[in-house]
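Peer 1: Below is one structure. I have some questions about it.
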Amino acid sequence: MWYSKAAEQGNACAINTIIQMVKQGNTHAMSTLIEIEKNGHDSARKIIIEMAEQGHMEAQFQLGGIYATGRGVAQNGKQAVAWYLKAVDQGHVEAPYLLGWMYDTGRGVAQDYKQAIVWYRNAAERGHAKAQFKLGTMYTYGRGVAQNDTLAGAWYRKAAEQGHVEAQYHLAKVLYEGRGVKQDYKQAVAWYRKAVEQGDAGAQNNLGVMYANGFGVAQDDAKAVSWYHKAAEQDHVEAQYNLAGMYANGKGVAEDHEQAVDWYRKAAEQGYAEAQCDLARMYFEGRGVAQDGAKAVIWYRKAAGQGHVEARFLLGTMYTYGRGIAQNDKEAVAWYHEAAERGHVEAQFLLGGIYGTGRGVAQDDKQAAAWYRKAAEKGHVEARFLLGTMNSYGRGIAQNDKQAVAWYRKAAEQGYAEAQYHLARMYDGGLGVVQNDKKAVAWYHKASEQGNANALDALYKMAKQGNTHALSSLGEIAKNGHDGAREIIIEVAEQGSSIAQTKLGWMYSNGQGVEQDDALALAWYRKAAEKGHAIAQYNLGSMYDEGQGVPQDYAQAAAWYRKAAEQGDADAQYNLGVMYAEGQGMPQDDAQAVVWYRKAAEQGYTCAQYNLGVSYDNGRGVAQDYTQAVVWYRKAAEQGDADSQYNLGVSYANDQGVAQDDAQALVWYHKAAEQGHAEAQYNLGCMYNNGRWEPQDFKQAYAWYSVAVVNGYGGKAAQYRDRVAKQLTPSALEAAQVLADSYIQQYSFQS
């Protein structure tokens, strides 16, 4: 050590002593000699050359470095490679890494990625961490080898496990992105943490990103800010930008636009285009800094100069409106083109408008249509609508109603009211599509709901002409208190339209769009019913049935139900069946009840299907037939009717009309029980209690008996629940009670 200190100060005796020690093979002396050589001592260099020529491995390696860097000799890549190769032959680990680096970077030799791979691999396979990392990057980018994310990740891991900080960072990124490995946010966080322990700014920033998004850690904006700060203070440009965003939006830190501006500026001054663009916005909006359009333009221009697409678009808007710069349509168009040609949708849309109007360019409908199409194909709703109009009117493109319809539809389905109106007009007039009043009304209705006056006016006209779809639409609009819609319905009803009369009756009956008035509802229903309108006949029957606005009169109810039922109204058919079954307003007649239940059931009417099943089950009004009962129970059960699901379960359990099948019984009991059917819940409890189909399960039995009790299934369920409780250990009973509470929450009428 003392020889070294003396030698560093130029003491010739100390230098000579160190040289003698090196010749005697002292490794510490060799390290000192190398440091002396690096400080420009020719004698030390001569000794290194001499020892290298004598076959000393470390001297050969150091001599390769001398020639590679040109320290005290003419820089000579070939000589550097030659001496590194001699060191490699003797097993030196660092030498192949530096050979790989020379070929990788083209320093002193012609760049040759394949040779770089050879030497990096040589060192990597001997455990050299830097070489392992470099080999990983070669696989990542496909330099000198076929691109392979899996192998890249494997080499990053080897280096990372040796503590190589860049490898730890890259391995974390690979895990975060799922490149070549299964995506694993938690493992990514773990490796970022290892890298940040070594102060890596990139890892600090990315750990902030993980916290900001809740990837692999609990989402925590405050921790995100903390990590962004650490990286930003190391001048990590992306972290500075991210930190600015947190201050700008008050995420994880009090909103502070001045701080946001400071950090945007730091990143912007490092050339970060995103930060330059956002700093420009801050100047434009006067947030955290005095409003200054001219400075906004400066920063937009810097970002635009780096190819930032949004900045190019915004710079165009500054020229369009003369904000911070003299108004100039031609310059605006130029910048819009820069953005639009790089896929900026809003720029493409604006260019369509610019060419359509000739602002800053020669008016050109073809160019307008071309730019609208680009924006439309990327989902821009207004561009889709305008492209539809250009197809409709043949502006800039050949007139084509079918294409117009296609573009109107796309915009209409995105909720654009004007497109909905235009699409309705196409259906109304049969332009580009088969004429279809129903579809026209549907689209007019959608546009009207958004306040489109033209669409509402079109509905008025169709309704006045007696269009049933338009009248129904206006009825729906009138429900929401639209005076114009209500007045049109009244007007058309007074002109004798049974559809309008029925709609108006419904409005008065339910107080929708008008003050509730049973007497007026009855009057309007009667007018329509007397003209043979089936729905009005059913509704009028219903009012007599329930005594709504008129004294209850089953005979009148049955008479009106019959009129509607004979026209095929399923509600009326079912209700007429019920009246026959109960002898209300007519002599009791089970056979006639079955006749009408069947008519409604065959139209898919659930309650009628259930009642028809019960009729076959009990042989009421029809010969008893369990198989037919099951057929109708199943139809209703598949539509979600709980009683039918329960009865179907009973049929399977008891071999009644269907082969006995406890598994199917359990399925249907479950469906009914989950809708709150108490008997099904009780039966489920019994099946679990008795171990029928399922293995015996007292916990499930206890829970289902409990919910059946809550739903009013008398003493049996409570009695069996208490018996089951005695079969359970204290801890099992506690678990069963928790399950029961859960079922009560989900499947009781109280829930």
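Just remember, in the structure tokens the first chain shown is A, the second B, etc., residues are 1-based per chain, and ligands are 1-based in the order shown.
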Quick one: DSSP helix (DSSP H, G or I) residues in segment 325-476 of chain A, as an MDAnalysis selection string?
Peer 2: chainID A and resid 329:340 345:357 365:377 381:393 401:413 417:429 437:449 453:464 468:476
Peer 1: With a distance cut-off of 7 Å and only C-alpha atoms, select the neighbouring residues of Val237 of chain A, excluding the residue or stretch itself and same-chain residues fewer than 6 positions from it, and output the selection as a PyMOL selection string.
Peer 2: chain A and resi 267+270+272
Peer 1: List the spatial neighbours of segment 529-540 of chain A as a PyMOL selection string - criterion: any atom at most 6 Å away, only C-alpha atoms, same-chain residues fewer than 6 positions off excluded.
Peer 2: chain A and resi 502+560-561+564+572
Peer 1: At a cut-off of 12 Å, using only C-alpha atoms, what residues contact Gln187 of chain A? Leave out same-chain residues fewer than 6 positions from it and give the result as a ChimeraX atom specification.
Peer 2: /A:157,168-169,171-178,181,193-194,207,210,215-217
Peer 1: Could you save those same residues with N, CA, C and O atoms as a JSON list (two decimals), in the first residue's frame?
Peer 2:
[["chain", "number", "residue", "atom", "x", "y", "z"],
["A", 157, "ARG", "N", -32.27, -12.89, -16.16],
["A", 157, "ARG", "CA", -32.42, -13.46, -14.82],
["A", 157, "ARG", "C", -31.07, -13.88, -14.25],
["A", 157, "ARG", "O", -30.77, -13.65, -13.07],
["A", 168, "GLN", "N", -31.63, -6.48, -13.55],
["A", 168, "GLN", "CA", -32.79, -6.51, -12.64],
["A", 168, "GLN", "C", -33.91, -5.65, -13.21],
["A", 168, "GLN", "O", -35.08, -6.05, -13.21],
["A", 169, "TYR", "N", -33.56, -4.48, -13.72],
["A", 169, "TYR", "CA", -34.55, -3.58, -14.31],
["A", 169, "TYR", "C", -35.19, -4.22, -15.54],
["A", 169, "TYR", "O", -36.42, -4.23, -15.69],
["A", 171, "LEU", "N", -35.31, -7.42, -16.37],
["A", 171, "LEU", "CA", -36.08, -8.60, -16.01],
["A", 171, "LEU", "C", -37.46, -8.19, -15.48],
["A", 171, "LEU", "O", -38.48, -8.80, -15.81],
["A", 172, "ALA", "N", -37.47, -7.13, -14.68],
["A", 172, "ALA", "CA", -38.76, -6.62, -14.17],
["A", 172, "ALA", "C", -39.66, -6.19, -15.32],
["A", 172, "ALA", "O", -40.86, -6.48, -15.33],
["A", 173, "LYS", "N", -39.08, -5.51, -16.32],
["A", 173, "LYS", "CA", -39.89, -5.07, -17.47],
["A", 173, "LYS", "C", -40.45, -6.26, -18.25],
["A", 173, "LYS", "O", -41.60, -6.25, -18.69],
["A", 174, "VAL", "N", -39.61, -7.29, -18.41],
["A", 174, "VAL", "CA", -40.05, -8.49, -19.12],
["A", 174, "VAL", "C", -41.23, -9.13, -18.39],
["A", 174, "VAL", "O", -42.23, -9.53, -19.00],
["A", 175, "LEU", "N", -41.14, -9.20, -17.07],
["A", 175, "LEU", "CA", -42.21, -9.79, -16.27],
["A", 175, "LEU", "C", -43.45, -8.91, -16.30],
["A", 175, "LEU", "O", -44.58, -9.40, -16.34],
["A", 176, "TYR", "N", -43.26, -7.61, -16.30],
["A", 176, "TYR", "CA", -44.38, -6.67, -16.35],
["A", 176, "TYR", "C", -45.14, -6.80, -17.68],
["A", 176, "TYR", "O", -46.37, -6.82, -17.72],
["A", 177, "GLU", "N", -44.39, -6.91, -18.76],
["A", 177, "GLU", "CA", -45.00, -6.95, -20.09],
["A", 177, "GLU", "C", -45.39, -8.36, -20.52],
["A", 177, "GLU", "O", -46.14, -8.52, -21.49],
["A", 178, "GLY", "N", -44.88, -9.37, -19.80],
["A", 178, "GLY", "CA", -45.18, -10.75, -20.19],
["A", 178, "GLY", "C", -44.53, -11.12, -21.50],
["A", 178, "GLY", "O", -45.10, -11.85, -22.31],
["A", 181, "VAL", "N", -42.19, -14.62, -21.05],
["A", 181, "VAL", "CA", -42.49, -15.26, -19.76],
["A", 181, "VAL", "C", -43.95, -14.98, -19.44],
["A", 181, "VAL", "O", -44.58, -14.10, -20.04],
["A", 193, "ARG", "N", -37.78, -3.59, -7.07],
["A", 193, "ARG", "CA", -37.30, -3.23, -5.73],
["A", 193, "ARG", "C", -35.81, -3.52, -5.58],
["A", 193, "ARG", "O", -35.07, -2.74, -4.98],
["A", 194, "LYS", "N", -35.36, -4.66, -6.13],
["A", 194, "LYS", "CA", -33.93, -4.97, -6.04],
["A", 194, "LYS", "C", -33.09, -3.91, -6.77],
["A", 194, "LYS", "O", -32.03, -3.49, -6.30],
["A", 207, "LEU", "N", -41.44, 1.56, -10.61],
["A", 207, "LEU", "CA", -42.11, 1.16, -9.38],
["A", 207, "LEU", "C", -43.22, 2.16, -9.06],
["A", 207, "LEU", "O", -44.30, 1.78, -8.59],
["A", 210, "MET", "N", -46.13, 1.17, -11.09],
["A", 210, "MET", "CA", -46.83, 0.01, -10.51],
["A", 210, "MET", "C", -47.77, 0.44, -9.40],
["A", 210, "MET", "O", -48.91, -0.02, -9.32],
["A", 215, "PHE", "N", -50.53, -2.36, -9.99],
["A", 215, "PHE", "CA", -50.01, -3.57, -10.64],
["A", 215, "PHE", "C", -49.04, -4.27, -9.69],
["A", 215, "PHE", "O", -47.94, -3.78, -9.44],
["A", 216, "GLY", "N", -49.45, -5.42, -9.15],
["A", 216, "GLY", "CA", -48.56, -6.19, -8.28],
["A", 216, "GLY", "C", -48.46, -5.67, -6.87],
["A", 216, "GLY", "O", -47.78, -6.26, -6.03],
["A", 217, "VAL", "N", -49.09, -4.54, -6.62],
["A", 217, "VAL", "CA", -49.13, -3.92, -5.28],
["A", 217, "VAL", "C", -50.49, -3.27, -5.11],
["A", 217, "VAL", "O", -51.20, -3.04, -6.10]]
Peer 1: How far is it from atom CA of Val595 of chain A to atom CA of Glu638 of chain A, in Å with one decimal?
Peer 2: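 Between these atoms lies a distance of 22.4 Å.
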Peer 1: Write out as a short mmCIF file (atom, residue, chain, number, x, y, z; two decimals) with N, CA and C atoms, in the first residue's frame the residues lying within 6 Å of segment 363-377 of chain A, counting only C-alpha atoms and excluding same-chain residues fewer than 5 positions away.
Peer 2:
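And here's part-v7.cif as it stands now:
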data_model
loop_
_atom_site.label_atom_id
_atom_site.label_comp_id
_atom_site.auth_asym_id
_atom_site.auth_seq_id
_atom_site.Cartn_x
_atom_site.Cartn_y
_atom_site.Cartn_z
N VAL A 345 -56.87 11.14 -35.63
CA VAL A 345 -58.25 11.07 -36.12
C VAL A 345 -58.89 12.45 -36.20
N GLN A 348 -57.67 14.34 -39.13
CA GLN A 348 -58.27 13.83 -40.37
C GLN A 348 -59.68 14.39 -40.54
N PHE A 349 -60.43 14.41 -39.46
CA PHE A 349 -61.79 14.94 -39.52
C PHE A 349 -61.78 16.43 -39.88
N GLY A 352 -61.14 17.04 -43.44
CA GLY A 352 -62.35 16.82 -44.25
C GLY A 352 -63.18 18.08 -44.32
N TYR A 355 -61.28 20.91 -46.45
CA TYR A 355 -61.39 20.74 -47.90
C TYR A 355 -62.84 20.92 -48.36
N GLY A 356 -63.78 20.57 -47.48
CA GLY A 356 -65.18 20.76 -47.84
C GLY A 356 -65.57 22.22 -47.97
N THR A 357 -64.93 23.07 -47.14
CA THR A 357 -65.28 24.51 -47.15
C THR A 357 -64.28 25.35 -47.93
N GLY A 358 -63.08 24.77 -48.20
CA GLY A 358 -62.06 25.53 -48.92
C GLY A 358 -61.39 26.58 -48.06
N ALA A 383 -67.54 12.13 -38.45
CA ALA A 383 -67.01 11.85 -39.79
C ALA A 383 -67.86 10.78 -40.48
N ARG A 384 -68.30 9.80 -39.72
CA ARG A 384 -69.16 8.76 -40.29
C ARG A 384 -70.46 9.36 -40.79
N GLY A 396 -68.31 14.70 -53.85
CA GLY A 396 -66.93 14.21 -53.78
C GLY A 396 -66.80 12.73 -54.07
#
Peer 1: Report, in Å with one decimal, the straight-line distance from atom CA of Gly505 of chain A to atom CA of Ala559 of chain A.
Peer 2: 19.0 Å
Peer 1: With only C-alpha atoms as the atoms that count, which of A:Lys182, A:Arg425, A:Arg143, A:His128 lies nearest to Gly163 of chain A?
Peer 2: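 Residue with the minimum atom-to-atom distance to Gly163 of chain A: A:His128.
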Peer 1: In Å, with one decimal, what is the gap from atom CA of Ala412 of chain A to atom CA of Gly481 of chain A?
Peer 2: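 Going from atom CA of Ala412 of chain A over to atom CA of Gly481 of chain A, I get 24.6 Å.
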Peer 1: Applying 7 Å and only C-alpha atoms, which residues near Glu418 of chain A remain after dropping the ones on its own chain fewer than 3 positions away? List them as a PyMOL selection string.
Peer 2: chain A and resi 421-422+447
Peer 1: Take the residues from that selection and write them out as a JSON list (two decimals), in the first residue's frame, keeping N, CA and C atoms.
Peer 2:
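Result file is selection_11.json:
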[["chain", "number", "residue", "atom", "x", "y", "z"],
["A", 421, "TYR", "N", -81.54, 10.28, -37.19],
["A", 421, "TYR", "CA", -82.61, 10.92, -37.96],
["A", 421, "TYR", "C", -82.47, 10.61, -39.45],
["A", 422, "HIS", "N", -81.24, 10.74, -39.97],
["A", 422, "HIS", "CA", -81.03, 10.50, -41.40],
["A", 422, "HIS", "C", -81.24, 9.03, -41.75],
["A", 447, "ALA", "N", -83.59, 9.28, -32.11],
["A", 447, "ALA", "CA", -83.15, 10.66, -32.32],
["A", 447, "ALA", "C", -84.00, 11.63, -31.50]]
Peer 1: With only C-alpha atoms as the counted atoms, please give the residues lying no more than 10 Å from segment 574-590 of chain A, apart from itself and same-chain residues fewer than 6 positions off, as a ChimeraX atom specification.
Peer 2: /A:538,541-542,545,553-562,564-565,596-601,605-609,611-612,615,619-622
Peer 1: Output N, CA and C atoms of each residue in that selection to a file, as an mmCIF file, in the first residue's frame.
Peer 2:
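The resulting file, again_34.cif, is shown below:
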data_model
loop_
_atom_site.group_PDB
_atom_site.id
_atom_site.type_symbol
_atom_site.label_atom_id
_atom_site.label_comp_id
_atom_site.auth_asym_id
_atom_site.auth_seq_id
_atom_site.Cartn_x
_atom_site.Cartn_y
_atom_site.Cartn_z
ATOM 1 N N TYR A 538 -108.802 -6.037 -23.686
ATOM 2 C CA TYR A 538 -108.201 -6.679 -22.521
ATOM 3 C C TYR A 538 -108.103 -5.696 -21.361
ATOM 4 N N GLY A 541 -111.435 -5.047 -19.856
ATOM 5 C CA GLY A 541 -111.807 -6.192 -19.034
ATOM 6 C C GLY A 541 -111.087 -6.178 -17.703
ATOM 7 N N SER A 542 -109.819 -5.801 -17.733
ATOM 8 C CA SER A 542 -109.009 -5.753 -16.520
ATOM 9 C C SER A 542 -109.547 -4.723 -15.531
ATOM 10 N N ASP A 545 -112.529 -6.213 -13.988
ATOM 11 C CA ASP A 545 -112.085 -7.319 -13.139
ATOM 12 C C ASP A 545 -111.613 -6.800 -11.775
ATOM 13 N N ASP A 553 -117.108 -5.849 -11.830
ATOM 14 C CA ASP A 553 -118.171 -6.556 -12.539
ATOM 15 C C ASP A 553 -117.529 -7.690 -13.334
ATOM 16 N N TYR A 554 -117.537 -8.918 -12.739
ATOM 17 C CA TYR A 554 -116.871 -10.049 -13.380
ATOM 18 C C TYR A 554 -117.500 -10.410 -14.727
ATOM 19 N N ALA A 555 -118.823 -10.228 -14.830
ATOM 20 C CA ALA A 555 -119.489 -10.569 -16.097
ATOM 21 C C ALA A 555 -118.987 -9.674 -17.218
ATOM 22 N N GLN A 556 -118.909 -8.356 -16.933
ATOM 23 C CA GLN A 556 -118.375 -7.423 -17.928
ATOM 24 C C GLN A 556 -116.906 -7.737 -18.227
ATOM 25 N N ALA A 557 -116.161 -8.054 -17.171
ATOM 26 C CA ALA A 557 -114.745 -8.392 -17.359
ATOM 27 C C ALA A 557 -114.623 -9.583 -18.295
ATOM 28 N N ALA A 558 -115.409 -10.633 -18.006
ATOM 29 C CA ALA A 558 -115.341 -11.843 -18.826
ATOM 30 C C ALA A 558 -115.738 -11.560 -20.261
ATOM 31 N N ALA A 559 -116.729 -10.708 -20.442
ATOM 32 C CA ALA A 559 -117.190 -10.390 -21.794
ATOM 33 C C ALA A 559 -116.084 -9.722 -22.599
ATOM 34 N N TRP A 560 -115.385 -8.752 -21.987
ATOM 35 C CA TRP A 560 -114.310 -8.053 -22.707
ATOM 36 C C TRP A 560 -113.077 -8.942 -22.880
ATOM 37 N N TYR A 561 -112.782 -9.753 -21.862
ATOM 38 C CA TYR A 561 -111.671 -10.698 -22.015
ATOM 39 C C TYR A 561 -111.944 -11.634 -23.193
ATOM 40 N N ARG A 562 -113.181 -12.083 -23.317
ATOM 41 C CA ARG A 562 -113.515 -13.008 -24.385
ATOM 42 C C ARG A 562 -113.284 -12.372 -25.757
ATOM 43 N N ALA A 564 -111.218 -10.010 -26.552
ATOM 44 C CA ALA A 564 -109.775 -9.925 -26.823
ATOM 45 C C ALA A 564 -109.190 -11.313 -27.049
ATOM 46 N N ALA A 565 -109.622 -12.279 -26.244
ATOM 47 C CA ALA A 565 -109.098 -13.641 -26.346
ATOM 48 C C ALA A 565 -109.383 -14.238 -27.711
ATOM 49 N N TRP A 596 -108.837 -22.368 -22.695
ATOM 50 C CA TRP A 596 -108.228 -21.033 -22.802
ATOM 51 C C TRP A 596 -106.794 -21.014 -22.276
ATOM 52 N N TYR A 597 -106.517 -21.808 -21.225
ATOM 53 C CA TYR A 597 -105.124 -21.917 -20.776
ATOM 54 C C TYR A 597 -104.245 -22.410 -21.930
ATOM 55 N N ARG A 598 -104.758 -23.414 -22.661
ATOM 56 C CA ARG A 598 -103.961 -23.997 -23.737
ATOM 57 C C ARG A 598 -103.658 -22.965 -24.819
ATOM 58 N N LYS A 599 -104.661 -22.156 -25.179
ATOM 59 C CA LYS A 599 -104.440 -21.151 -26.224
ATOM 60 C C LYS A 599 -103.329 -20.180 -25.812
ATOM 61 N N ALA A 600 -103.386 -19.736 -24.560
ATOM 62 C CA ALA A 600 -102.353 -18.809 -24.085
ATOM 63 C C ALA A 600 -101.008 -19.514 -23.939
ATOM 64 N N ALA A 601 -101.044 -20.749 -23.416
ATOM 65 C CA ALA A 601 -99.809 -21.514 -23.199
ATOM 66 C C ALA A 601 -99.074 -21.745 -24.504
ATOM 67 N N TYR A 605 -97.175 -18.214 -22.950
ATOM 68 C CA TYR A 605 -97.579 -17.461 -21.762
ATOM 69 C C TYR A 605 -97.292 -18.319 -20.526
ATOM 70 N N THR A 606 -96.359 -17.891 -19.696
ATOM 71 C CA THR A 606 -95.817 -18.718 -18.618
ATOM 72 C C THR A 606 -96.878 -19.171 -17.623
ATOM 73 N N CYS A 607 -97.679 -18.227 -17.128
ATOM 74 C CA CYS A 607 -98.681 -18.585 -16.114
ATOM 75 C C CYS A 607 -99.681 -19.589 -16.667
ATOM 76 N N ALA A 608 -100.024 -19.444 -17.937
ATOM 77 C CA ALA A 608 -100.957 -20.381 -18.557
ATOM 78 C C ALA A 608 -100.319 -21.762 -18.682
ATOM 79 N N GLN A 609 -99.033 -21.804 -18.998
ATOM 80 C CA GLN A 609 -98.336 -23.086 -19.082
ATOM 81 C C GLN A 609 -98.347 -23.778 -17.718
ATOM 82 N N ASN A 611 -100.560 -23.275 -15.217
ATOM 83 C CA ASN A 611 -101.928 -23.696 -14.878
ATOM 84 C C ASN A 611 -102.365 -24.914 -15.693
ATOM 85 N N LEU A 612 -101.916 -24.982 -16.941
ATOM 86 C CA LEU A 612 -102.249 -26.135 -17.767
ATOM 87 C C LEU A 612 -101.568 -27.390 -17.208
ATOM 88 N N SER A 615 -103.542 -28.483 -14.278
ATOM 89 C CA SER A 615 -104.785 -29.132 -14.718
ATOM 90 C C SER A 615 -104.538 -30.590 -15.077
ATOM 91 N N GLY A 619 -105.926 -33.674 -13.031
ATOM 92 C CA GLY A 619 -107.061 -34.187 -13.804
ATOM 93 C C GLY A 619 -108.268 -33.283 -13.692
ATOM 94 N N ARG A 620 -108.004 -31.982 -13.742
ATOM 95 C CA ARG A 620 -109.089 -31.005 -13.587
ATOM 96 C C ARG A 620 -109.396 -30.379 -14.950
ATOM 97 N N GLY A 621 -110.579 -30.736 -15.499
ATOM 98 C CA GLY A 621 -110.970 -30.214 -16.809
ATOM 99 C C GLY A 621 -110.362 -30.986 -17.947
ATOM 100 N N VAL A 622 -109.575 -32.009 -17.610
ATOM 101 C CA VAL A 622 -108.893 -32.810 -18.609
ATOM 102 C C VAL A 622 -108.514 -34.119 -17.937
#
Peer 1: Of the candidates A:Gly513, A:Gly691, A:Gly547, A:Gly466, which shows the shortest atom-to-atom distance to Ile499 of chain A, using only C-alpha atoms?
Peer 2: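 Of A:Gly513, A:Gly691, A:Gly547, A:Gly466, the one nearest Ile499 of chain A is A:Gly466, counting only C-alpha atoms.
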Peer 1: Counting only C-alpha atoms, figure out which residue out of A:Ala455, A:Val433, A:Val165, A:Ala523 gets nearest to Gln204 of chain A.
Peer 2: A:Val165
